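Below is one structure, written out as structure tokens; the observations come after it.
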Amino acid sequence: MTKRNYKGGIKKVFRLLFSTVRSFFNLAATLLLGLVLLSVVVSPERLSFLAYFGLLFPFIMLFILLLFIYHIAFQKWRGAIYVALLLVVAFPLCRVYLPLHRPAKELPQEHIKILSFNVMRYAYRSHSAQAPNPILRYLKESNADIICLQEAYLAQKSKQGIISYAQIKSYLSNYPYIDHREAQPRGSDLVLLSKFPIRHVRVLPLTSHFNGAVSYRLDIHGKELELINVHLESTTVKSKDGEDYLSLAKKGKAFELSKKISLKLGPSFAIRARQVDRLALEVATALQSTPYVILCGDFNDTPISYARYRLTANLHDLYVDTGSGAGYSYSFKKMGLRIDHILASKAIKGYDCMVDPSAEGSDHKPIYCLFTLQP
């Protein structure tokens, strides 16, 4: 074999190798995107592992985008076209995860502001006229017409680090209608502050030891609005868990890492799926008596999830429709997540939905939106 033939053979081997690697990455991108698409339509009760691909969506999209840039940079046009088609398929999911809307140029005069906030027991801080609790002060200054709170424990009497119902009623006197319920016995406390009359209240029968939902019927200028305040099943992942996961990842113990994560997240995915299936029935029932339904709160799940997609069967996501940016409402180990949502029926038009990063005290950030009831 001549030297020239030898070099030519080496080049052919490398070309074949790189072609095989490209094909493998294209196949991997297709498979990962397919699993993400399945994660929003298949209940975690049936296949819990799919839910993890919804959580990994931003990383999967980054991988596909880098793959597209690679094909363009090396002028692999067939590969570039193929990956571009994957990006087209993924575009609706990208729009949900990262909506981009400008603020409304003009707001209707009769608009209503709704705010949802997991207050983490008001940051476990006391309240007094001289030193207002920072979360209560934020709520007072928000000028919201309707406020839904989760993890909003209220004591009968004020104590050090515990807010009482009397303090809420006195300090937030601009809300004449206040309702406080436990989602479960000794579970998450759900509070509604409203400038509109509350006609009916019902704790919804969701399966959980701690989390749940409360439904309210509000009278808004003679129109009935069904409002559902939710705190869906928590993942129970603590700060120490995150440190353990990071340690296992650094040691390359992939099997142990996946097993620990599955034991923590798997059961909560399944319980949350049962909860949203029940909530979807509640929404469908409510829509038979009124066209105005809002479901908001702490979903403990991301925009790319079975929970959010199941509930948007009869509702639309006001943040996706009118918000801008990722809108992270919760951070874990410097990783941002949007797990607080506001969904509404078609007869409700939203404006300027936003997650407010300026709020302090809780491990969550509040999400709020303006809306009007359409005729």
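Starting from 1 in every chain, residues are counted up; chains themselves are A, B, ... following the order of the structure tokens, and ligands are numbered from 1 as listed.
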task = Write out as a PyMOL selection string which residues come within 12 Å of segment 57-61 of chain A when counting only C-alpha atoms, dropping same-chain ones fewer than 2 positions away.
result = chain A and resi 25+28-40+50-55+63-68+83-84+86-91+93-98+302-305+326+335-337
key: Surrounding residues of Pro375 of chain A excluding itself and chain neighbours under 2 positions, 10 Å, only C-alpha atoms, as a list of chain:residue names   =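 That gives A:Lys223, A:Pro291, A:Ala347, A:Ile348, A:Thr372, A:Leu373.
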task = Would you mind writing down, as number ranges by chain, each residue of segment 110-252 of chain A that DSSP on the backbone assigns to alpha helix (DSSP H)?
result = A: 134-141, 165-171, 239-250
request  = Using only C-alpha atoms, determine which residues lie at most 8 Å from segment 116-128 of chain A, disregarding the query and same-chain residues fewer than 4 positions distant; provide the list as a VMD selection string.
outcome  = chain A and resid 132 to 136 147 to 153 159 to 163 167 296 to 298 340 342 361 to 368
Take the residues from that selection and put them in a file with C-alpha atoms, as a tab-separated table (two decimals), in the first residue's frame.
```
chain	number	residue	atom	x	y	z
A	132	PRO	CA	-44.29	45.40	59.41
A	133	ASN	CA	-43.66	41.89	58.14
A	134	PRO	CA	-41.93	42.34	54.71
A	135	ILE	CA	-44.34	40.00	52.93
A	136	LEU	CA	-47.41	41.69	54.40
A	147	ILE	CA	-54.56	37.70	46.33
A	148	CYS	CA	-54.11	33.92	46.58
A	149	LEU	CA	-51.61	32.75	49.19
A	150	GLN	CA	-50.10	29.33	49.78
A	151	GLU	CA	-48.22	28.12	52.88
A	152	ALA	CA	-49.95	31.03	54.62
A	153	TYR	CA	-50.26	29.68	58.15
A	159	LYS	CA	-46.65	34.91	68.55
A	160	GLN	CA	-42.99	35.45	67.84
A	161	GLY	CA	-42.51	34.66	64.15
A	162	ILE	CA	-46.18	33.76	63.60
A	163	ILE	CA	-48.80	36.01	61.98
A	167	GLN	CA	-53.09	41.07	62.23
A	296	CYS	CA	-53.66	29.78	40.19
A	297	GLY	CA	-51.03	28.96	42.76
A	298	ASP	CA	-47.97	26.86	43.45
A	340	ASP	CA	-46.19	29.19	40.04
A	342	ILE	CA	-52.08	31.59	36.62
A	361	GLY	CA	-38.83	36.92	52.39
A	362	SER	CA	-40.15	33.76	50.75
A	363	ASP	CA	-38.33	31.09	48.76
A	364	HIS	CA	-40.88	31.83	46.01
A	365	LYS	CA	-41.50	34.98	44.01
A	366	PRO	CA	-45.07	36.20	43.43
A	367	ILE	CA	-46.74	35.98	40.05
A	368	TYR	CA	-49.41	38.50	39.10
```
request  = Calculate how many Å separate atom CA of Arg181 of chain A from atom CA of Asn314 of chain A, rounding to one decimal.
outcome  = 26.1 Å
ask   = Which value, in Å to one decimal, gives the distance between atom CA of Phe49 of chain A and atom CA of Lys333 of chain A?
value =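 Pair atom CA of Phe49 of chain A / atom CA of Lys333 of chain A returns 22.1 Å.
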key: Nearest to His316 of chain A, chosen from A:Arg278, A:Arg272, A:His101, A:Lys346, with only C-alpha atoms counted in the distances   =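 Using only C-alpha atoms, the shortest distance to His316 of chain A belongs to A:Lys346.
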For atom CA of Leu193 of chain A and atom CA of Ser268 of chain A, the interatomic separation in Å (one decimal) = 28.7 Å
query = Which of these residues is nearest to Asp189 of chain A, using only C-alpha atoms: A:Val201, A:Val214, A:Leu27, A:Ile81?
reply =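 The answer is A:Val214, which sits nearest to Asp189 of chain A.
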query = Among segment 12-258 of chain A, which ones does DSSP place in strand (DSSP E), written as number ranges by chain?
reply = A: 112-118, 146-150, 177-182, 189-194, 198-204, 212-220, 223-231
